[in-house]
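Working notes, structure below.
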Amino acid sequence: MDKKIIFSGSYGCGRSCSIRSISDRMIVIADDCTIDHHALIKPTSAIGMDYGILNISGNDRIHLYGIPGGIEFRQILDTMCEDALGFVILLDCKHPDPVADLELYLNAMKKYIAASGNTVVIGVTQTDPNTTDLDIFRIKLASMGLSIPVLELDCQYSDDIKQTLLSLIAMRELALMQV
Amino acid sequence: MTNAVKNAEISAPATEITYFSPGNYFIGIVDQIMSGNKNARIDLANNGAVILLASQNIFYSQVRDMEQFCRAPASQFTIRFLNQADITSLHGHGKPKNIKDLLWQAAFYASEGRLIESCTNGGATQIYDVIKLHHWPNLTRLPITANTMRICALLSRSPSSIMLIHRKLGIEAEEVFQIYSAACSAGLVRIMHNNTADETPHIENGNIKKVTVSSSIFRSLFNKLSGL
């Protein structure tokens with residue numbers, strides 16, 4: 001059986017790093033110079049997709065897709081999000097307005113997230129050592145009627161990504177049982 | 001204190017519940033300082049200190065072993081209230097953290113599988129009250145158990161009681177008590193409805209729909225990730 005999990009988020013948020021830290025095998029579809037103004041954020045960035053595989057048992061696999069969240073990739077997003085097991089939205093705290101990023105990505109994938117039973121985890125990266133407060137994201141989520149996990153992540157730390165996916169599974173399990 | 005709760009409606013055999021009083025531990029000290037909106041340094045010999053700024057809802061940790069710190073009897077701590085000069089000198093003392101994280105840790109470690117008698121943010125613990133999770137804890141930075149995610153997923157999705165969580169998810173009661181104690185102390189739990197044992201619907205064992213993994217792939221994925 002094959003299932004997929006979608007990682008999305010803005011440039012430099014840690015999609016590639018997250019998938020790499022947890023996959024049995026990873027393929028970067030394209031990695032080239034960052035386009036236009038995003039080069040100020042990160043000189044290189046995956047401009048296509050990241051792809052990783054988690055081999056579970058027998059023929060069971062989880063396909064991990066990292067999809068950029070920019071408007072130019074909307075068509076890819078629409079294609080890949082269908083029937084996803086769940087979603088991880090990564091937010092970079094060094095971006096000017098990560099709360100606005102959160103709303104943008106949630107709205108962009110709204111119908112697919114709803115179809116998954118709201119199986120989505122928010123991962124917050126590049127947290128400021130002096131002022132990190134995840135409450136700003138929780139307040140935004142509450143205003144959108146969502147009660148989903150907001151987790152501080154270091155994408156190079158596989159335990160953080162593991163914890164993220166375990167939360168996703170727990171949510172999906174209950175969504176399927178219609179609890 | 002031990003209370004044997006005979007609850008033929010929900011489970012048989014009877015579920016033995018052991019409570020702990022927060023006042024006997026570090027969590028009780030934190031609660032008192034928070035309720036007084038004070039700023040203080042709390043020391044435990046040979047283990048370090050926590051600097052608590054209730055006025056800003058943050059804390060600094062200089063503790064070597066947090067588990068031991070939170071399980072030590074309250075009488076072993078020394079408390080010094082801070083003045084403005086003390087607070088100013090804290091800049092550069094490392095990363096301040098949200099006080100909710102401290103409350104979670106303090107209750108989680110003090111619990112050891114026991115249920116908190118009461119918490120400042122939730123009142124006296126009632127095992128039949130219908131509760132809901134206000135928001136998820138920051139699981140990647142807090143001590144958790146193997147089933148913490150499942151408990152949080154259930155409570156954020158569908159209000160339930162402590163005893164029904166134990167029955168529905170098939171999780172050991174002690175684990176549910178520990179997570180509830182932590183979540184309640186951190187102010188993450190909201191009481192939706194007060195129930196007594198008499199008001200709790202009569203539910204035979206066979207009538208409780210247990211939540212089990214709906215397909216083997218989820219169980220396999222869980223095992224794979226847990227083993228990583």
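Just remember, in the structure tokens the first chain shown is A, the second B, etc., residues are 1-based per chain, and ligands are 1-based in the order shown.
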
Enumerate, in order of chain and increasing residue number, the residues of chain A with an atom no farther than 7 Å from chain B, each with its shortest atom pair and distance in Å to one decimal, counting only C-alpha atoms, as a tab-separated table.
```
residue	atom	partner	partner_atom	distance
A:Ile56	CA	B:Leu221	CA	5.9
A:Ser57	CA	B:Ser220	CA	6.8
A:Asp60	CA	B:Ile217	CA	6.7
A:Pro129	CA	B:Lys95	CA	5.6
A:Asn130	CA	B:Lys95	CA	5.4
A:Ser147	CA	B:His135	CA	6.1
A:Ile148	CA	B:Trp136	CA	6.8
A:Pro149	CA	B:Trp136	CA	5.2
A:Val150	CA	B:Asn138	CA	6.5
A:Leu151	CA	B:Asn138	CA	5.1
A:Glu152	CA	B:Thr140	CA	6.4
A:Asp160	CA	B:Thr140	CA	5.7
A:Lys162	CA	B:Leu225	CA	5.9
A:Gln163	CA	B:Thr140	CA	6.4
A:Leu166	CA	B:Phe222	CA	6.5
A:Ser167	CA	B:Met149	CA	5.3
A:Ile169	CA	B:Phe218	CA	6.7
A:Ala170	CA	B:Arg150	CA	5.0
A:Met171	CA	B:Ala153	CA	5.3
A:Glu173	CA	B:Val213	CA	6.2
A:Leu174	CA	B:Leu154	CA	6.9
A:Met177	CA	B:Val211	CA	6.9
A:Val179	CA	B:Ser158	CA	6.6
```

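The neighbours of Gly52 of chain A here are the residues that come within 10 Å of it, using only C-alpha atoms and leaving out any residue fewer than 4 positions away in the same chain; they are A:Lys4, A:Ile5, A:Ser16, A:Ser18, A:Ile19, A:Arg20, A:Ser21, A:Ile22, A:Ser23, A:Asp24, A:Arg25, A:Met26, A:Ile27, A:Val28, A:Ile62, A:His63, A:Leu64, A:Tyr65, A:Gly66.
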
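Between atom CA of Ile179 of chain B and atom CA of Ser158 of chain A the separation is 23.7 Å.
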
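Reported to one decimal place, the separation of atom CA of Ser185 of chain B from atom CA of Met34 of chain B is 11.8 Å.
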
*asked:* Give me the residues near Phe108 of chain B as a PyMOL selection string, where near means some atom within 8 Å (using only C-alpha atoms) and where sequence neighbours in that chain fewer than 6 positions away do not count.
replied: chain B and resi 143+178-179+181-182

Output for the residues just chosen: all heavy atoms as a PDB file, in the first residue's frame:
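And here is the file that came out, again26.pdb:
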```pdb
ATOM      1  N   PRO B 143       8.678  16.802  27.846  1.00  0.00           N
ATOM      2  CA  PRO B 143       8.662  15.365  28.125  1.00  0.00           C
ATOM      3  C   PRO B 143       7.271  14.811  27.815  1.00  0.00           C
ATOM      4  O   PRO B 143       6.262  15.413  28.193  1.00  0.00           O
ATOM      5  CB  PRO B 143       8.969  15.301  29.627  1.00  0.00           C
ATOM      6  CG  PRO B 143       8.514  16.621  30.171  1.00  0.00           C
ATOM      7  CD  PRO B 143       8.750  17.616  29.085  1.00  0.00           C
ATOM      8  N   GLN B 178      -0.993  10.965  33.907  1.00  0.00           N
ATOM      9  CA  GLN B 178       0.224  11.777  33.819  1.00  0.00           C
ATOM     10  C   GLN B 178       0.046  12.897  32.788  1.00  0.00           C
ATOM     11  O   GLN B 178       0.400  14.052  33.049  1.00  0.00           O
ATOM     12  CB  GLN B 178       1.411  10.890  33.462  1.00  0.00           C
ATOM     13  CG  GLN B 178       2.759  11.613  33.499  1.00  0.00           C
ATOM     14  CD  GLN B 178       3.936  10.679  33.321  1.00  0.00           C
ATOM     15  OE1 GLN B 178       3.816   9.608  32.718  1.00  0.00           O
ATOM     16  NE2 GLN B 178       5.091  11.066  33.826  1.00  0.00           N
ATOM     17  N   ILE B 179      -0.477  12.565  31.635  1.00  0.00           N
ATOM     18  CA  ILE B 179      -0.651  13.569  30.584  1.00  0.00           C
ATOM     19  C   ILE B 179      -1.730  14.584  30.987  1.00  0.00           C
ATOM     20  O   ILE B 179      -1.572  15.786  30.767  1.00  0.00           O
ATOM     21  CB  ILE B 179      -0.987  12.901  29.237  1.00  0.00           C
ATOM     22  CG1 ILE B 179       0.163  12.003  28.791  1.00  0.00           C
ATOM     23  CG2 ILE B 179      -1.295  13.946  28.169  1.00  0.00           C
ATOM     24  CD1 ILE B 179       1.508  12.708  28.726  1.00  0.00           C
ATOM     25  N   SER B 181      -2.520  15.460  34.042  1.00  0.00           N
ATOM     26  CA  SER B 181      -1.936  16.310  35.093  1.00  0.00           C
ATOM     27  C   SER B 181      -1.072  17.401  34.473  1.00  0.00           C
ATOM     28  O   SER B 181      -1.133  18.562  34.875  1.00  0.00           O
ATOM     29  CB  SER B 181      -1.095  15.464  36.062  1.00  0.00           C
ATOM     30  OG  SER B 181      -1.898  14.495  36.712  1.00  0.00           O
ATOM     31  N   ALA B 182      -0.263  17.021  33.485  1.00  0.00           N
ATOM     32  CA  ALA B 182       0.612  17.992  32.830  1.00  0.00           C
ATOM     33  C   ALA B 182      -0.203  19.029  32.050  1.00  0.00           C
ATOM     34  O   ALA B 182       0.048  20.237  32.150  1.00  0.00           O
ATOM     35  CB  ALA B 182       1.586  17.270  31.897  1.00  0.00           C
TER      36      ALA B 182
END
```

*Test item, strand (DSSP E or B) assignment across segment 34-67 of chain B, answer as a VMD selection string*: chain B and resid 39 to 44 48 to 53 58 to 63

Applying 7 Å and only C-alpha atoms, which residues near segment 94-108 of chain A remain after dropping the ones on its own chain fewer than 2 positions away? List them as a JSON list (two decimals) with all heavy atoms, in the first residue's frame.
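Below is the file that was written, out36.json:
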```json
[["chain", "number", "residue", "atom", "x", "y", "z"],
["A", 69, "GLY", "N", 5.73, 26.47, -1.70],
["A", 69, "GLY", "CA", 4.40, 27.04, -1.53],
["A", 69, "GLY", "C", 4.11, 28.27, -2.36],
["A", 69, "GLY", "O", 3.04, 28.83, -2.26],
["A", 91, "LEU", "N", 6.95, 26.74, 8.71],
["A", 91, "LEU", "CA", 7.00, 28.20, 8.73],
["A", 91, "LEU", "C", 8.37, 28.64, 9.24],
["A", 91, "LEU", "O", 8.85, 28.14, 10.26],
["A", 91, "LEU", "CB", 5.92, 28.75, 9.66],
["A", 91, "LEU", "CG", 4.49, 28.33, 9.34],
["A", 91, "LEU", "CD1", 3.55, 28.78, 10.45],
["A", 91, "LEU", "CD2", 4.05, 28.91, 8.01],
["A", 92, "ASP", "N", 8.97, 29.56, 8.51],
["A", 92, "ASP", "CA", 10.28, 30.08, 8.87],
["A", 92, "ASP", "C", 10.09, 31.38, 9.67],
["A", 92, "ASP", "O", 9.59, 32.37, 9.14],
["A", 92, "ASP", "CB", 11.08, 30.33, 7.60],
["A", 92, "ASP", "CG", 12.50, 30.78, 7.86],
["A", 92, "ASP", "OD1", 12.81, 31.21, 9.00],
["A", 92, "ASP", "OD2", 13.31, 30.73, 6.92],
["A", 110, "LYS", "N", -6.71, 24.16, 1.53],
["A", 110, "LYS", "CA", -7.88, 24.03, 2.40],
["A", 110, "LYS", "C", -8.71, 22.79, 2.10],
["A", 110, "LYS", "O", -9.04, 22.01, 3.01],
["A", 110, "LYS", "CB", -8.74, 25.28, 2.25],
["A", 110, "LYS", "CG", -9.84, 25.43, 3.26],
["A", 110, "LYS", "CD", -10.51, 26.79, 3.07],
["A", 110, "LYS", "CE", -11.60, 27.00, 4.08],
["A", 110, "LYS", "NZ", -12.22, 28.32, 3.97],
["A", 126, "GLN", "N", 13.59, 27.96, 12.56],
["A", 126, "GLN", "CA", 14.39, 29.18, 12.72],
["A", 126, "GLN", "C", 13.84, 30.07, 13.83],
["A", 126, "GLN", "O", 13.70, 31.28, 13.68],
["A", 126, "GLN", "CB", 14.42, 29.99, 11.40],
["A", 126, "GLN", "CG", 14.96, 29.23, 10.21],
["A", 126, "GLN", "CD", 16.46, 29.04, 10.29],
["A", 126, "GLN", "OE1", 17.16, 29.67, 11.06],
["A", 126, "GLN", "NE2", 16.98, 28.14, 9.48],
["A", 137, "PHE", "N", 0.88, 31.80, 16.53],
["A", 137, "PHE", "CA", 0.32, 30.89, 15.53],
["A", 137, "PHE", "C", -0.95, 30.23, 16.05],
["A", 137, "PHE", "O", -1.90, 30.01, 15.30],
["A", 137, "PHE", "CB", 1.36, 29.82, 15.15],
["A", 137, "PHE", "CG", 2.64, 30.40, 14.63],
["A", 137, "PHE", "CD1", 3.79, 30.40, 15.41],
["A", 137, "PHE", "CD2", 2.71, 30.98, 13.37],
["A", 137, "PHE", "CE1", 4.98, 30.96, 14.95],
["A", 137, "PHE", "CE2", 3.89, 31.53, 12.89],
["A", 137, "PHE", "CZ", 5.02, 31.52, 13.68]]
```

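Neighbouring residues of segment 59-75 of chain B at 6 Å or closer, counting only C-alpha atoms and skipping chain neighbours under 6 positions away, are Asn24, Tyr25, Phe26, Asn47, Gly48, Ala49, Val50, Ile51, Leu52, Leu53, Pro96, Lys97, Ile99, Ala106, Tyr109 and Ala110 of chain B.
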
Those selected residues, please, written with C-alpha atoms and delivered as a short mmCIF file (atom, residue, chain, number, x, y, z; two decimals), in the first residue's frame.
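And here is the file that came out, selection23.cif:
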```cif
data_model
loop_
_atom_site.label_atom_id
_atom_site.label_comp_id
_atom_site.auth_asym_id
_atom_site.auth_seq_id
_atom_site.Cartn_x
_atom_site.Cartn_y
_atom_site.Cartn_z
CA ASN B 24 4.06 18.72 48.00
CA TYR B 25 6.25 19.39 44.97
CA PHE B 26 7.89 22.08 42.86
CA ASN B 47 20.71 20.50 41.02
CA GLY B 48 20.51 24.17 40.07
CA ALA B 49 17.74 26.69 39.91
CA VAL B 50 14.72 27.96 38.02
CA ILE B 51 14.22 31.70 37.68
CA LEU B 52 10.55 32.43 37.37
CA LEU B 53 9.22 35.77 36.11
CA PRO B 96 13.68 32.37 28.32
CA LYS B 97 10.80 29.97 27.84
CA ILE B 99 5.85 29.39 31.65
CA ALA B 106 6.68 20.12 36.70
CA TYR B 109 7.46 14.55 36.40
CA ALA B 110 5.71 14.90 39.76
#
```

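Separating atom CA of Thr88 of chain B from atom CA of Trp104 of chain B is a distance of 26.5 Å.
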
*For Ile89 of chain A, list every protein, DNA or RNA residue within 8 Å, evaluated using only C-alpha atoms, and leave out those in the same chain fewer than 5 positions away; present the list as a PyMOL selection string.*
chain A and resi 7-9+102+105+120-123

Writing out the chosen residues with all heavy atoms as a PDB file, in the first residue's frame:
```
ATOM      1  N   PHE A   7       4.826  17.908   2.520  1.00  0.00           N
ATOM      2  CA  PHE A   7       5.505  18.972   3.263  1.00  0.00           C
ATOM      3  C   PHE A   7       5.445  20.230   2.403  1.00  0.00           C
ATOM      4  O   PHE A   7       5.848  20.207   1.234  1.00  0.00           O
ATOM      5  CB  PHE A   7       6.978  18.624   3.500  1.00  0.00           C
ATOM      6  CG  PHE A   7       7.214  17.559   4.528  1.00  0.00           C
ATOM      7  CD1 PHE A   7       6.916  16.232   4.265  1.00  0.00           C
ATOM      8  CD2 PHE A   7       7.738  17.878   5.771  1.00  0.00           C
ATOM      9  CE1 PHE A   7       7.131  15.254   5.219  1.00  0.00           C
ATOM     10  CE2 PHE A   7       7.974  16.900   6.730  1.00  0.00           C
ATOM     11  CZ  PHE A   7       7.660  15.586   6.450  1.00  0.00           C
ATOM     12  N   SER A   8       4.936  21.287   2.966  1.00  0.00           N
ATOM     13  CA  SER A   8       4.904  22.531   2.208  1.00  0.00           C
ATOM     14  C   SER A   8       5.375  23.674   3.092  1.00  0.00           C
ATOM     15  O   SER A   8       5.540  23.529   4.297  1.00  0.00           O
ATOM     16  CB  SER A   8       3.479  22.802   1.699  1.00  0.00           C
ATOM     17  OG  SER A   8       3.490  23.866   0.784  1.00  0.00           O
ATOM     18  N   GLY A   9       5.598  24.814   2.432  1.00  0.00           N
ATOM     19  CA  GLY A   9       6.075  25.973   3.171  1.00  0.00           C
ATOM     20  C   GLY A   9       6.889  26.861   2.263  1.00  0.00           C
ATOM     21  O   GLY A   9       7.146  26.527   1.105  1.00  0.00           O
ATOM     22  N   LEU A 102       1.313  31.290   7.309  1.00  0.00           N
ATOM     23  CA  LEU A 102       0.460  30.202   7.819  1.00  0.00           C
ATOM     24  C   LEU A 102      -0.918  30.254   7.179  1.00  0.00           C
ATOM     25  O   LEU A 102      -1.418  29.251   6.653  1.00  0.00           O
ATOM     26  CB  LEU A 102       0.345  30.314   9.346  1.00  0.00           C
ATOM     27  CG  LEU A 102      -0.672  29.406  10.031  1.00  0.00           C
ATOM     28  CD1 LEU A 102      -0.319  27.939   9.850  1.00  0.00           C
ATOM     29  CD2 LEU A 102      -0.763  29.723  11.524  1.00  0.00           C
ATOM     30  N   TYR A 105      -0.845  29.277   3.369  1.00  0.00           N
ATOM     31  CA  TYR A 105      -0.714  27.851   3.027  1.00  0.00           C
ATOM     32  C   TYR A 105      -1.952  27.068   3.436  1.00  0.00           C
ATOM     33  O   TYR A 105      -2.377  26.152   2.728  1.00  0.00           O
ATOM     34  CB  TYR A 105       0.556  27.260   3.646  1.00  0.00           C
ATOM     35  CG  TYR A 105       1.796  27.885   3.086  1.00  0.00           C
ATOM     36  CD1 TYR A 105       2.690  28.577   3.891  1.00  0.00           C
ATOM     37  CD2 TYR A 105       2.051  27.828   1.723  1.00  0.00           C
ATOM     38  CE1 TYR A 105       3.805  29.192   3.353  1.00  0.00           C
ATOM     39  CE2 TYR A 105       3.165  28.444   1.182  1.00  0.00           C
ATOM     40  CZ  TYR A 105       4.037  29.135   2.009  1.00  0.00           C
ATOM     41  OH  TYR A 105       5.127  29.759   1.469  1.00  0.00           O
ATOM     42  N   VAL A 120      -3.176  17.911   9.789  1.00  0.00           N
ATOM     43  CA  VAL A 120      -2.101  18.845   9.443  1.00  0.00           C
ATOM     44  C   VAL A 120      -1.369  19.274  10.708  1.00  0.00           C
ATOM     45  O   VAL A 120      -1.984  19.469  11.756  1.00  0.00           O
ATOM     46  CB  VAL A 120      -2.654  20.064   8.663  1.00  0.00           C
ATOM     47  CG1 VAL A 120      -3.776  20.752   9.435  1.00  0.00           C
ATOM     48  CG2 VAL A 120      -1.572  21.054   8.327  1.00  0.00           C
ATOM     49  N   VAL A 121      -0.060  19.354  10.590  1.00  0.00           N
ATOM     50  CA  VAL A 121       0.786  19.801  11.700  1.00  0.00           C
ATOM     51  C   VAL A 121       1.558  21.022  11.220  1.00  0.00           C
ATOM     52  O   VAL A 121       2.043  21.048  10.091  1.00  0.00           O
ATOM     53  CB  VAL A 121       1.767  18.692  12.143  1.00  0.00           C
ATOM     54  CG1 VAL A 121       2.741  19.226  13.195  1.00  0.00           C
ATOM     55  CG2 VAL A 121       1.003  17.498  12.695  1.00  0.00           C
ATOM     56  N   ILE A 122       1.676  22.014  12.077  1.00  0.00           N
ATOM     57  CA  ILE A 122       2.441  23.207  11.761  1.00  0.00           C
ATOM     58  C   ILE A 122       3.812  23.080  12.410  1.00  0.00           C
ATOM     59  O   ILE A 122       3.912  22.885  13.631  1.00  0.00           O
ATOM     60  CB  ILE A 122       1.742  24.478  12.294  1.00  0.00           C
ATOM     61  CG1 ILE A 122       0.280  24.526  11.847  1.00  0.00           C
ATOM     62  CG2 ILE A 122       2.511  25.727  11.861  1.00  0.00           C
ATOM     63  CD1 ILE A 122       0.079  24.500  10.360  1.00  0.00           C
ATOM     64  N   GLY A 123       4.866  23.172  11.612  1.00  0.00           N
ATOM     65  CA  GLY A 123       6.227  23.111  12.131  1.00  0.00           C
ATOM     66  C   GLY A 123       6.867  24.488  12.029  1.00  0.00           C
ATOM     67  O   GLY A 123       6.889  25.079  10.953  1.00  0.00           O
TER      68      GLY A 123
END
```

*Once DSSP has gone over the backbone, tell me which residues of chain A are in alpha helix (DSSP H), as a ChimeraX atom specification.*
/A:15-22,74-81,98-108,110-115,135-143,158-177
